[in-house]
$ cat structure.txt   # compact mmCIF, C-alpha atoms
# COMPACT_ATOMS: atom_id res chain seq x y z
CA MET L 1 30.71 10.82 -163.52
CA ASP L 2 34.06 9.12 -163.81
CA ASP L 3 35.42 5.67 -163.08
CA SER L 4 37.64 6.81 -160.21
CA ASN L 5 38.67 4.20 -157.70
CA ASP L 6 36.54 5.63 -154.90
CA LYS L 7 33.32 4.66 -156.73
CA ALA L 8 31.98 1.16 -156.09
CA ILE L 9 28.93 1.67 -158.33
CA ILE L 10 28.44 4.08 -161.24
CA VAL L 11 25.07 4.43 -162.97
CA GLU L 12 24.56 6.70 -165.98
CA ASP L 13 21.22 7.15 -167.78
CA LEU L 14 20.24 3.57 -166.93
CA GLU L 15 16.95 2.48 -168.42
CA LYS L 16 14.91 -0.72 -168.57
CA ARG L 17 11.93 -1.16 -170.84
CA PHE L 18 9.49 -4.03 -171.00
CA GLY L 19 7.79 -3.48 -174.32
CA ALA L 20 6.37 0.04 -174.23
CA PHE L 21 6.61 0.22 -170.42
CA ARG L 22 9.62 2.07 -168.97
CA ALA L 23 10.25 0.48 -165.58
CA VAL L 24 13.45 2.47 -165.00
CA LYS L 25 13.70 5.87 -166.69
CA GLY L 26 17.27 6.93 -167.35
CA ILE L 27 18.54 7.19 -163.78
CA SER L 28 22.06 8.30 -162.76
CA PHE L 29 23.86 8.05 -159.43
CA SER L 30 27.04 6.69 -157.86
CA VAL L 31 27.98 4.88 -154.65
CA LYS L 32 31.28 5.38 -152.84
CA ARG L 33 33.38 2.47 -151.64
CA GLY L 34 32.70 1.59 -148.01
CA GLU L 35 29.45 3.56 -148.00
CA ILE L 36 26.07 2.52 -146.62
CA PHE L 37 23.80 3.58 -149.47
CA GLY L 38 20.01 3.49 -149.28
CA PHE L 39 17.75 2.92 -152.28
CA LEU L 40 14.14 3.73 -151.42
CA GLY L 41 10.80 3.78 -153.17
CA ALA L 42 7.25 2.49 -153.01
CA ASN L 43 6.33 -0.89 -154.44
CA GLY L 44 6.51 -0.72 -158.24
CA SER L 45 8.90 2.24 -158.23
CA GLY L 46 11.65 0.38 -160.10
CA LYS L 47 13.88 -0.56 -157.15
CA SER L 48 13.98 -4.30 -157.74
CA THR L 49 14.43 -3.88 -161.50
CA THR L 50 17.39 -1.57 -160.90
CA ILE L 51 18.97 -3.97 -158.42
CA ARG L 52 18.56 -6.87 -160.82
CA MET L 53 20.38 -4.87 -163.50
CA LEU L 54 23.17 -3.90 -161.10
CA CYS L 55 23.58 -7.54 -160.04
CA GLY L 56 23.97 -8.70 -163.65
CA ILE L 57 20.64 -10.52 -163.74
CA LEU L 58 18.76 -8.20 -166.11
CA THR L 59 20.31 -6.56 -169.19
CA PRO L 60 19.69 -2.79 -169.39
CA SER L 61 17.75 -1.44 -172.35
CA SER L 62 20.07 1.55 -172.50
CA GLY L 63 22.51 3.54 -170.41
CA ARG L 64 25.50 2.33 -168.47
CA GLY L 65 26.26 0.68 -165.15
CA VAL L 66 29.60 -0.24 -163.61
CA VAL L 67 29.75 -2.37 -160.45
CA ASN L 68 33.13 -2.97 -158.82
CA GLY L 69 34.80 -2.01 -162.09
CA TYR L 70 32.72 -4.37 -164.26
CA ASP L 71 30.22 -3.30 -166.92
CA ILE L 72 26.81 -4.76 -166.03
CA ALA L 73 25.81 -5.27 -169.68
CA ARG L 74 29.09 -6.67 -171.04
CA GLN L 75 30.45 -8.46 -167.95
CA PRO L 76 27.44 -9.71 -165.96
CA GLU L 77 29.19 -12.89 -164.78
CA LYS L 78 32.12 -10.86 -163.43
CA VAL L 79 29.63 -8.66 -161.60
CA LYS L 80 27.90 -11.68 -160.03
CA GLN L 81 31.21 -13.11 -158.82
CA SER L 82 32.29 -9.86 -157.18
CA ILE L 83 29.14 -9.05 -155.18
CA GLY L 84 27.03 -10.53 -152.41
CA TYR L 85 23.24 -10.48 -152.57
CA MET L 86 20.64 -11.06 -149.87
CA SER L 87 17.10 -11.12 -151.20
CA GLN L 88 13.86 -10.09 -149.50
CA LYS L 89 13.02 -13.73 -148.78
CA PHE L 90 15.56 -15.93 -147.07
CA SER L 91 17.53 -17.77 -149.75
CA LEU L 92 18.17 -20.74 -147.47
CA TYR L 93 17.31 -24.41 -147.53
CA GLU L 94 15.32 -24.82 -144.34
CA ASP L 95 15.70 -28.61 -144.23
CA LEU L 96 19.49 -28.18 -144.05
CA THR L 97 21.55 -27.07 -141.08
CA PRO L 98 23.45 -23.75 -141.09
CA LEU L 99 26.65 -25.71 -141.68
CA GLU L 100 25.12 -27.48 -144.68
CA ASN L 101 23.75 -24.21 -146.08
CA ILE L 102 27.20 -22.65 -145.79
CA ARG L 103 28.82 -25.59 -147.58
CA PHE L 104 26.21 -25.37 -150.32
CA TYR L 105 27.00 -21.68 -150.93
CA LEU L 106 30.74 -22.31 -150.82
CA GLY L 107 30.14 -24.57 -153.81
CA ILE L 108 27.84 -22.06 -155.52
CA TYR L 109 30.57 -19.40 -155.25
CA SER L 110 33.16 -21.91 -156.55
CA LEU L 111 35.56 -21.29 -153.70
CA PRO L 112 38.52 -23.69 -153.70
CA VAL L 113 37.83 -26.63 -151.40
CA HIS L 114 40.98 -25.99 -149.37
CA LEU L 115 39.43 -22.65 -148.26
CA TRP L 116 36.18 -24.20 -147.03
CA PRO L 117 37.20 -24.90 -143.39
CA GLU L 118 38.61 -21.41 -142.88
CA ARG L 119 35.66 -19.64 -144.52
CA THR L 120 33.16 -21.80 -142.62
CA GLU L 121 34.70 -20.98 -139.25
CA TRP L 122 35.07 -17.32 -140.23
CA VAL L 123 31.43 -16.87 -141.18
CA LEU L 124 30.05 -18.88 -138.23
CA ASP L 125 32.04 -16.65 -135.90
CA LEU L 126 30.97 -13.53 -137.81
CA ILE L 127 27.25 -14.32 -137.55
CA ARG L 128 27.54 -15.85 -134.07
CA LEU L 129 25.91 -19.18 -134.98
CA GLY L 130 28.68 -21.61 -134.10
CA ASP L 131 26.61 -23.23 -131.33
CA ALA L 132 23.64 -23.66 -133.67
CA LYS L 133 25.50 -24.89 -136.76
CA ASN L 134 23.98 -28.38 -136.61
CA ARG L 135 20.37 -27.39 -135.93
CA LEU L 136 17.86 -27.42 -138.77
CA THR L 137 17.57 -23.96 -140.28
CA ARG L 138 13.77 -24.05 -140.08
CA ASP L 139 14.02 -24.38 -136.30
CA LEU L 140 16.10 -21.20 -135.90
CA PRO L 141 14.50 -17.89 -134.83
CA PRO L 142 13.90 -15.46 -137.74
CA GLY L 143 16.74 -13.19 -136.66
CA TRP L 144 19.19 -16.10 -136.67
CA ARG L 145 18.05 -17.19 -140.15
CA GLN L 146 18.54 -13.60 -141.25
CA ARG L 147 22.12 -13.62 -139.98
CA LEU L 148 22.73 -16.95 -141.70
CA ALA L 149 21.44 -15.61 -145.04
CA LEU L 150 23.74 -12.60 -144.75
CA GLY L 151 26.66 -14.83 -143.79
CA CYS L 152 26.10 -17.00 -146.87
CA ALA L 153 26.16 -13.85 -149.04
CA LEU L 154 29.51 -12.87 -147.50
CA LEU L 155 31.30 -16.22 -147.84
CA HIS L 156 33.37 -15.14 -150.85
CA ARG L 157 34.19 -11.84 -149.08
CA PRO L 158 32.69 -9.52 -151.69
CA ASP L 159 33.57 -5.84 -151.84
CA ILE L 160 29.91 -4.91 -152.39
CA ILE L 161 26.79 -6.44 -150.87
CA PHE L 162 23.20 -5.80 -151.99
CA LEU L 163 20.57 -6.17 -149.26
CA ASP L 164 16.98 -6.12 -150.54
CA GLU L 165 14.70 -5.36 -147.58
CA PRO L 166 16.87 -7.52 -145.32
CA THR L 167 14.93 -6.89 -142.09
CA SER L 168 11.42 -7.43 -143.38
CA GLY L 169 9.38 -9.39 -140.84
CA VAL L 170 11.80 -9.33 -137.90
CA ASP L 171 11.39 -7.62 -134.53
CA PRO L 172 12.81 -4.15 -133.68
CA ALA L 173 15.60 -5.50 -131.45
CA THR L 174 16.78 -7.84 -134.20
CA ARG L 175 16.63 -5.00 -136.72
CA ARG L 176 18.83 -2.86 -134.48
CA ASP L 177 21.37 -5.67 -134.06
CA PHE L 178 21.37 -6.27 -137.81
CA TRP L 179 22.12 -2.61 -138.51
CA ASP L 180 24.93 -2.65 -135.98
CA PHE L 181 26.38 -5.51 -138.02
CA ILE L 182 25.91 -3.60 -141.29
CA GLY L 183 27.81 -0.69 -139.75
CA SER L 184 30.71 -2.99 -138.83
CA LEU L 185 30.86 -4.27 -142.42
CA ALA L 186 31.06 -0.71 -143.75
CA ARG L 187 33.83 0.14 -141.30
CA GLU L 188 35.78 -2.78 -142.73
CA GLY L 189 35.43 -1.28 -146.23
CA VAL L 190 32.47 -3.27 -147.57
CA THR L 191 30.05 -1.21 -149.69
CA VAL L 192 26.46 -1.80 -148.56
CA PHE L 193 23.61 -1.12 -151.00
CA VAL L 194 20.34 -1.55 -149.13
CA THR L 195 16.62 -1.18 -149.76
CA THR L 196 14.18 -0.83 -146.89
CA HIS L 197 10.65 0.33 -146.15
CA TYR L 198 11.65 1.32 -142.60
CA MET L 199 12.53 5.01 -142.54
CA ASP L 200 14.25 4.71 -139.16
CA GLU L 201 16.62 2.21 -140.79
CA ALA L 202 17.20 4.52 -143.75
CA MET L 203 18.51 7.14 -141.33
CA ASN L 204 21.55 4.86 -140.87
CA CYS L 205 22.50 5.39 -144.52
CA GLU L 206 25.10 7.98 -145.43
CA ARG L 207 23.28 8.81 -148.67
CA LEU L 208 19.93 7.93 -150.20
CA VAL L 209 18.30 7.82 -153.59
CA MET L 210 14.50 7.79 -153.72
CA LEU L 211 12.60 6.49 -156.74
CA SER L 212 9.04 7.07 -157.88
CA GLU L 213 7.58 5.65 -161.08
CA GLY L 214 11.03 4.63 -162.32
CA ALA L 215 12.66 8.05 -161.87
CA ILE L 216 14.82 9.58 -159.15
CA VAL L 217 12.87 12.13 -157.12
CA ALA L 218 15.41 12.83 -154.37
CA SER L 219 19.03 12.14 -153.49
CA GLY L 220 21.41 13.16 -150.73
CA SER L 221 21.89 12.50 -147.04
CA PRO L 222 18.73 11.82 -145.00
CA ALA L 223 19.00 15.27 -143.39
CA GLU L 224 19.42 16.99 -146.76
CA ILE L 225 16.37 15.26 -148.21
CA ILE L 226 14.20 16.11 -145.20
CA GLY L 227 15.29 19.76 -145.37
CA ARG L 228 14.55 20.07 -149.10
CA VAL L 229 11.25 18.20 -149.21
CA VAL L 230 9.60 19.47 -146.01
CA PRO L 231 11.29 22.84 -145.36
CA GLY L 232 10.18 24.96 -142.46
CA ASN L 233 9.03 22.00 -140.38
CA PRO L 234 11.59 21.26 -137.66
CA GLN L 235 9.54 18.26 -136.52
CA ALA L 236 9.61 16.58 -139.93
CA ASP L 237 11.35 13.24 -140.30
CA LEU L 238 12.33 11.02 -143.22
CA ASN L 239 8.94 9.32 -143.20
CA ASP L 240 7.26 12.70 -143.83
CA ALA L 241 9.66 13.39 -146.71
CA PHE L 242 9.14 9.93 -148.21
CA ILE L 243 5.34 10.21 -148.13
CA ALA L 244 5.44 13.68 -149.69
CA LEU L 245 7.70 12.52 -152.50
CA MET L 246 5.68 9.41 -153.27
CA GLN L 247 2.45 11.43 -153.33
CA ARG L 248 4.04 14.02 -155.60
CA GLY L 249 5.37 11.35 -157.95
CA ALA L 250 8.02 11.76 -160.61
CA GLN L 251 7.85 15.15 -162.25

$ encode --input "structure.txt" --output "C-alpha cells"
Amino acid sequence: MDDSNDKAIIVEDLEKRFGAFRAVKGISFSVKRGEIFGFLGANGSGKSTTIRMLCGILTPSSGRGVVNGYDIARQPEKVKQSIGYMSQKFSLYEDLTPLENIRFYLGIYSLPVHLWPERTEWVLDLIRLGDAKNRLTRDLPPGWRQRLALGCALLHRPDIIFLDEPTSGVDPATRRDFWDFIGSLAREGVTVFVTTHYMDEAMNCERLVMLSEGAIVASGSPAEIIGRVVPGNPQADLNDAFIALMQRGAQ
C-alpha cells in the first residue's frame, strides 16, 4: 500500500491484543476517497475494536493505520477532529430539542461561534428537520432521531464518516431513505465507512471487507465475494456468502 491521495484510509498489519487475546489479527485493507465501504462480521469478530482504533479511541498493539492522512497511533486527536462518527446507539440527549443537540455538538467540535448559525441551518436543511427543531428529541420518530444523529456527526463537514450499524432498529422504508442519503454524501465526495448486519444494505457498498475471529476472510465488491464464496449457485446472495464465511471461520 501507499499513501496516495486517493486513499482515505490505509490499514497495514493492524493488530489489537488484550493480554493474550488477539481481538484483531494483523489485518490490511484500504478505502478510497468518496467510497461507500462496508465492514462486516458477526458479533465478536473484531469490527468494533477496529473502528475504535481507526477513530483514534484505541491505540493499536502493532501495525499501522492512516485516516485522512493522520497516523492513528501518533495523531489520534487529529484523526478525531477530521472524522464524523455515528454509533450503534443514538448519541443524542433526548431531553433536548434537535436545535439544542446541534448546538451542543457545535461546541464539542469546537467550531467558531460565528459559524454556528450557518452550520445549524445547513444541517437542519440537510436532514429535513427544520420544522421539528424545537420538539423534544425523545418525541421524534426513530427515523428522525437517526437523521439527527447523522446530522450532528456531519456538523464539522468531515471528509470521512464512520457509521456503526446506523439503521439498527428502524423500519425498512426508513432504512431505504437513509441509504439514499448515504449515497448523496458519497456523491459529494464524503468517504462512508459503514458496518451493518443487513446484507441487503451491504449490497449498496462499492467494496466490502468481512471479518471472522479478528481476521479478514473476504474482500471485494459484493458480487465478487458472492461469486468466490458460493460459486456455481446463480441464486446465491450476499447473505448466503456471509453465513458460509462465518461458519467456516478464519483459516

$ atom_distance --input "structure.txt" --atom1 "atom CA of Gly34 of chain L" --atom2 "atom CA of Ile160 of chain L"
8.3 Å

$ closest_atom_pairs --input "structure.txt" --of "segment 155-199 of chain L" --to "segment 127-148 of chain L" --cutoff "10 Å" --atoms "only C-alpha atoms" --output "CSV"
residue,atom,partner,partner_atom,distance
L:Pro166,CA,L:Gln146,CA,7.5
L:Thr167,CA,L:Gln146,CA,7.7
L:Ser168,CA,L:Gln146,CA,9.7
L:Gly169,CA,L:Pro142,CA,8.2
L:Val170,CA,L:Gly143,CA,6.4
L:Asp171,CA,L:Gly143,CA,8.0
L:Ala173,CA,L:Gly143,CA,9.4
L:Thr174,CA,L:Gly143,CA,5.9
L:Arg175,CA,L:Gly143,CA,8.2
L:Asp177,CA,L:Gly143,CA,9.2
L:Phe178,CA,L:Arg147,CA,7.7
L:Phe181,CA,L:Ile127,CA,8.9

$ atom_distance --input "structure.txt" --atom1 "atom CA of Tyr93 of chain L" --atom2 "atom CA of Pro117 of chain L"
20.3 Å

$ atom_distance --input "structure.txt" --atom1 "atom CA of Ala42 of chain L" --atom2 "atom CA of Gln247 of chain L"
10.2 Å

$ closest_atom_pairs --input "structure.txt" --of "segment 13-59 of chain L" --to "segment 76-85 of chain L" --cutoff "8 Å" --atoms "only C-alpha atoms" --output "tab-separated table"
residue	atom	partner	partner_atom	distance
L:Cys55	CA	L:Lys80	CA	6.0
L:Gly56	CA	L:Pro76	CA	4.3
L:Ile57	CA	L:Pro76	CA	7.2

$ write_last_selection --input "structure.txt" --atoms "C-alpha atoms" --output "PDB file, keeping the file's coordinate frame"
ATOM      1  CA  CYS L  55      23.580  -7.540-160.040  1.00  0.00           C
ATOM      2  CA  GLY L  56      23.970  -8.700-163.650  1.00  0.00           C
ATOM      3  CA  ILE L  57      20.640 -10.520-163.740  1.00  0.00           C
TER       4      ILE L  57
END

$ closest_residue --input "structure.txt" --among "L:Thr196, L:Ser61, L:Leu54, L:Thr97" --to "Gln75 of chain L" --atoms "all atoms listed in the file"
L:Leu54

$ closest_residue --input "structure.txt" --among "L:Leu211, L:Leu155, L:Val66, L:Ala223" --to "Ile9 of chain L" --atoms "only C-alpha atoms"
L:Val66

$ residues_around --input "structure.txt" --residues "segment 187-193 of chain L" --least-positions-apart "6" --cutoff "12 Å" --atoms "all atoms listed in the file" --output "JSON, numbers by chain"
{"L": [6, 7, 8, 9, 30, 31, 32, 33, 34, 35, 36, 37, 38, 39, 40, 47, 50, 51, 54, 55, 67, 68, 82, 83, 84, 85, 86, 87, 150, 154, 157, 158, 159, 160, 161, 162, 163, 164, 165, 166, 179, 180, 181, 202, 204, 205, 206, 207, 208, 209]}

$ axis_aligned_box --input "structure.txt" --around "segment 10-15 of chain L" --padding-each-side "6 Å" --output "lines of an AutoDock Vina configuration file"
center_x = 22.7
center_y = 4.8
center_z = -164.8
size_x = 23.5
size_y = 16.7
size_z = 19.2

$ closest_residue --input "structure.txt" --among "L:Val113, L:Val229, L:Ala153, L:Leu58" --to "Leu92 of chain L" --atoms "only C-alpha atoms"
L:Ala153
